[in-house]
Amino acid sequence: MIESQSVISPANHKSMSNQVQEIATDCDKLPERFIRKEDEEYGNITNPSPAEIPVIDVSLLTSSSHLELGRLKSAITTWGCFQAINHGIEGSLLDKVREISKLFFSLSAEEKKKCLREEDDVEGYGNDMVLSDHQTLDWTDRVYLTVLPKHQQRLQFWPQNPNNFREVVDEYCSKIESINEIILKSLARSLNLEENCFLDQYGPTANMFARFNYYPPCPWADKVLGLKPHSDGSATTYLLQDKELEGLQILKDGQWFGVPIVPDALTINVGEQIEIMSNGIFKSPIHRALVNSKDQRISVAMFCNPQTEKDIGPVDALVTDDRPRQYKNVTFSLDFYFENYQQGLHGIATMSNMHKEILVNILMERPILLSRLVINLNHVQDTQSLIELAVLSFAERREKASRKQERIRSNRLVIDVVSGDSTKIMCGLCSASTSDTSVVAVLVCGHVYHADCLETRTPYEDRRDPLCPVCVDSHSAN
């Protein structure tokens, strides 16, 4: 996940007037806001291929089984996820977690709204933030809670009914915390690293968030999604699937695969933070959730995130001549993850699964023009065209803002360029080509510089627009 300042004010974090569960009970026509748009899809909604997601025996990982470590590495490098069995959580506790979820969502609307999230917040009951009038909505309600560290729990958003909700969540959270330590150590050992190298970056006071998902039945199930395609901004995610109904799908090699239900298993995937720490060896999978036309479906996701404000970067031992550094150091940002998710974007925008039109939308819809993208140029066939497109859309957005008399805070787009062997973009100040880990500043006039060169020549302070040295020199000469 890239570091970014929030570019959408809390006032724009709107809420839907009704929860999806309420809409589903009295709906004879699908509201247009829920209908999926073809240009937002990575593939067809229906007819996924059956997946043989690898099954990993966690008990064997603790016994230092080299065979199981190899299978774990293969699972994460191939799928980005696996089904965990023998993980140490009794099936009775998993059933309790599912039960409290079902009991809460079966309560009256009035009772559930005692935990309703605030308009400018993510925690609590309801649906996800609506960031724009053009946002396609997910067919889901959820309860989103901070569970670790405990002193950051905001109990005003925790359901009091069922009355054992907090007890069950705390017990389940403690179990997940123990499993997560095993998984992080095992992932490191599978790469022949010191077992604590990922944990050291993860931090001693890491965060854990719980998301209880409720997907109401939808007669138009082929036209909506429970959750839009996304990758997780976490280090690791632990999903407890519905006991009977499947719905999770993983994108692999441009094709969607349905994730089967394995009794008492946890579906574990790595998030963008582990992708960064592993220098891209492990990939955070893109996934989505479908809904059922006749029956409700529930799931519970636990997101294990690095310590807030802690710097995350590739482990030094994984940066070699054969595999140069793929990512800059970044800082975890929960707000930025949610903004990217609702816009159908990913924190690590490698461009391998993004269309160029999406880049235009990023620049056209955001209310200010300061943006940061991570672009892996190995996945871009025509780098110069990409930069030209960015500049063009940047200029169009600036013109649009001027017509509406909007305040513009910056006139530059900053692009973090990684693995950029294929690029031939030249810096207008030092005349050197951009390369691995370059940070490129593209000014609205179309001139391109290394960000460091530009900062040295025209420091960027107090959000004032940096002057373009080429344009300034040309004007002086005239």
# chains A, B, ... in the order shown; residues from 1 in each chain; ligands from 1

$ residues_around --residues "Asn164 (chain A)" --least-positions-apart "3" --cutoff "12 Å" --atoms "only C-alpha atoms" --output "ChimeraX atom specification"
/A:96-97,99-101,103-104,158-161,167-171

$ residues_around --residues "Leu318 (chain A)" --least-positions-apart "2" --cutoff "12 Å" --atoms "only C-alpha atoms" --output "list in words"
Ala188, Leu191, Asn192, Leu193, Glu194, Cys197, Phe198, Glu275, Ile276, Met277, Ser278, Asn279, Gly280, Ile281, Phe282, Gly313, Pro314, Val315, Asp316, Thr320, Asp321, Asp322, Arg323, Pro324, Arg325, Gln326 and Tyr327 of chain A

$ select_by_dssp --residues "region 138-243 of chain A" --states "strand (DSSP E)" --output "PyMOL selection string"
chain A and resi 141-148+207-215+227-230+236-240

$ atom_distance --atom1 "CA of Glu111 (chain A)" --atom2 "CA of Arg211 (chain A)"
18.7 Å

$ residues_around --residues "Glu246 (chain A)" --least-positions-apart "4" --cutoff "8 Å" --atoms "only C-alpha atoms" --output "VMD selection string"
chain A and resid 241 to 242 258 to 261

$ write_last_selection --atoms "N, CA, C and O atoms" --output "compact mmCIF listing (two decimals), in the first residue's frame"
# COMPACT_ATOMS: atom_id res chain seq x y z
N GLN A 241 -15.21 -18.72 6.35
CA GLN A 241 -16.27 -18.72 5.36
C GLN A 241 -17.59 -19.20 5.95
O GLN A 241 -17.64 -19.83 7.01
N ASP A 242 -18.68 -18.93 5.24
CA ASP A 242 -19.97 -19.49 5.57
C ASP A 242 -19.84 -21.02 5.60
O ASP A 242 -19.06 -21.60 4.83
N GLY A 258 -13.45 -20.11 -7.95
CA GLY A 258 -14.21 -20.19 -6.72
C GLY A 258 -13.43 -20.92 -5.64
O GLY A 258 -12.78 -21.93 -5.91
N VAL A 259 -13.48 -20.38 -4.41
CA VAL A 259 -12.77 -21.00 -3.29
C VAL A 259 -13.74 -21.93 -2.56
O VAL A 259 -14.75 -21.47 -2.03
N PRO A 260 -13.46 -23.22 -2.54
CA PRO A 260 -14.38 -24.17 -1.91
C PRO A 260 -14.39 -24.04 -0.39
O PRO A 260 -13.46 -23.48 0.21
N ILE A 261 -15.43 -24.56 0.24
CA ILE A 261 -15.51 -24.60 1.69
C ILE A 261 -14.88 -25.89 2.18
O ILE A 261 -15.26 -26.99 1.77

$ select_by_dssp --residues "region 141-346 of chain A" --states "alpha helix (DSSP H)" --output "ChimeraX atom specification"
/A:165-190,197-202,272-277,334-342

$ atom_distance --atom1 "CA of Leu290 (chain A)" --atom2 "CA of Asp28 (chain A)"
20.1 Å

$ residues_around --residues "Lys223 (chain A)" --least-positions-apart "4" --cutoff "12 Å" --atoms "only C-alpha atoms" --output "list of chain:residue names"
A:Lys29, A:Leu30, A:Pro31, A:Glu32, A:Arg33, A:Phe34, A:Ile35, A:Arg36, A:Lys37, A:Glu38, A:Glu41, A:Asn44, A:Ile45, A:Thr46, A:Thr136, A:Leu137, A:Asp138, A:Trp139, A:Cys218, A:Pro219, A:Lys228, A:Leu290, A:Val291, A:Asn292, A:Ser293

$ write_last_selection --atoms "C-alpha atoms" --output "short mmCIF file (atom, residue, chain, number, x, y, z; two decimals), in the first residue's frame"
data_model
loop_
_atom_site.label_atom_id
_atom_site.label_comp_id
_atom_site.auth_asym_id
_atom_site.auth_seq_id
_atom_site.Cartn_x
_atom_site.Cartn_y
_atom_site.Cartn_z
CA LYS A 29 -36.40 -3.77 -8.84
CA LEU A 30 -32.63 -3.74 -8.47
CA PRO A 31 -31.43 -0.20 -7.59
CA GLU A 32 -29.13 1.05 -10.33
CA ARG A 33 -26.36 1.94 -7.89
CA PHE A 34 -25.75 -1.79 -7.26
CA ILE A 35 -25.51 -2.86 -10.91
CA ARG A 36 -21.99 -3.78 -11.86
CA LYS A 37 -20.39 -1.88 -14.74
CA GLU A 38 -18.55 -3.89 -17.36
CA GLU A 41 -14.77 -5.90 -14.02
CA ASN A 44 -17.34 -12.29 -15.91
CA ILE A 45 -19.29 -12.35 -12.67
CA THR A 46 -20.65 -15.84 -13.20
CA THR A 136 -21.00 1.19 -7.53
CA LEU A 137 -22.32 -0.18 -4.25
CA ASP A 138 -21.64 -3.61 -2.78
CA TRP A 139 -24.53 -5.91 -1.88
CA CYS A 218 -30.48 -11.02 -4.19
CA PRO A 219 -32.80 -12.15 -7.02
CA LYS A 228 -15.91 -5.63 -5.53
CA LEU A 290 -20.52 -13.14 -4.83
CA VAL A 291 -24.03 -13.27 -3.41
CA ASN A 292 -26.69 -15.97 -3.58
CA SER A 293 -30.05 -15.50 -5.27
#

$ closest_residue --among "A:Asn329, A:Ser174, A:Thr236, A:Asn207" --to "Ile274 (chain A)" --atoms "only C-alpha atoms"
A:Thr236

$ closest_residue --among "A:Glu110, A:Asp264, A:Glu181, A:Glu244" --to "Gln19 (chain A)" --atoms "only C-alpha atoms"
A:Glu110

$ residues_around --residues "Gln249 (chain A)" --least-positions-apart "2" --cutoff "8 Å" --atoms "only C-alpha atoms" --output "list of chain:residue names"
A:Pro48, A:Gly247, A:Leu251, A:Trp256, A:Phe257, A:Gly258, A:Val259, A:His287, A:Arg288, A:Ala289, A:Leu290

$ write_last_selection --atoms "C-alpha atoms" --output "compact mmCIF listing (two decimals), in the first residue's frame"
# COMPACT_ATOMS: atom_id res chain seq x y z
CA PRO A 48 -15.99 -19.29 -12.16
CA GLY A 247 -18.95 -17.00 -2.53
CA LEU A 251 -8.28 -13.97 -9.59
CA TRP A 256 -11.75 -16.19 -11.55
CA PHE A 257 -11.66 -19.31 -9.38
CA GLY A 258 -14.21 -20.19 -6.72
CA VAL A 259 -12.77 -21.00 -3.29
CA HIS A 287 -10.44 -11.41 -4.82
CA ARG A 288 -14.16 -10.66 -4.71
CA ALA A 289 -17.34 -11.99 -3.11
CA LEU A 290 -20.52 -13.14 -4.83
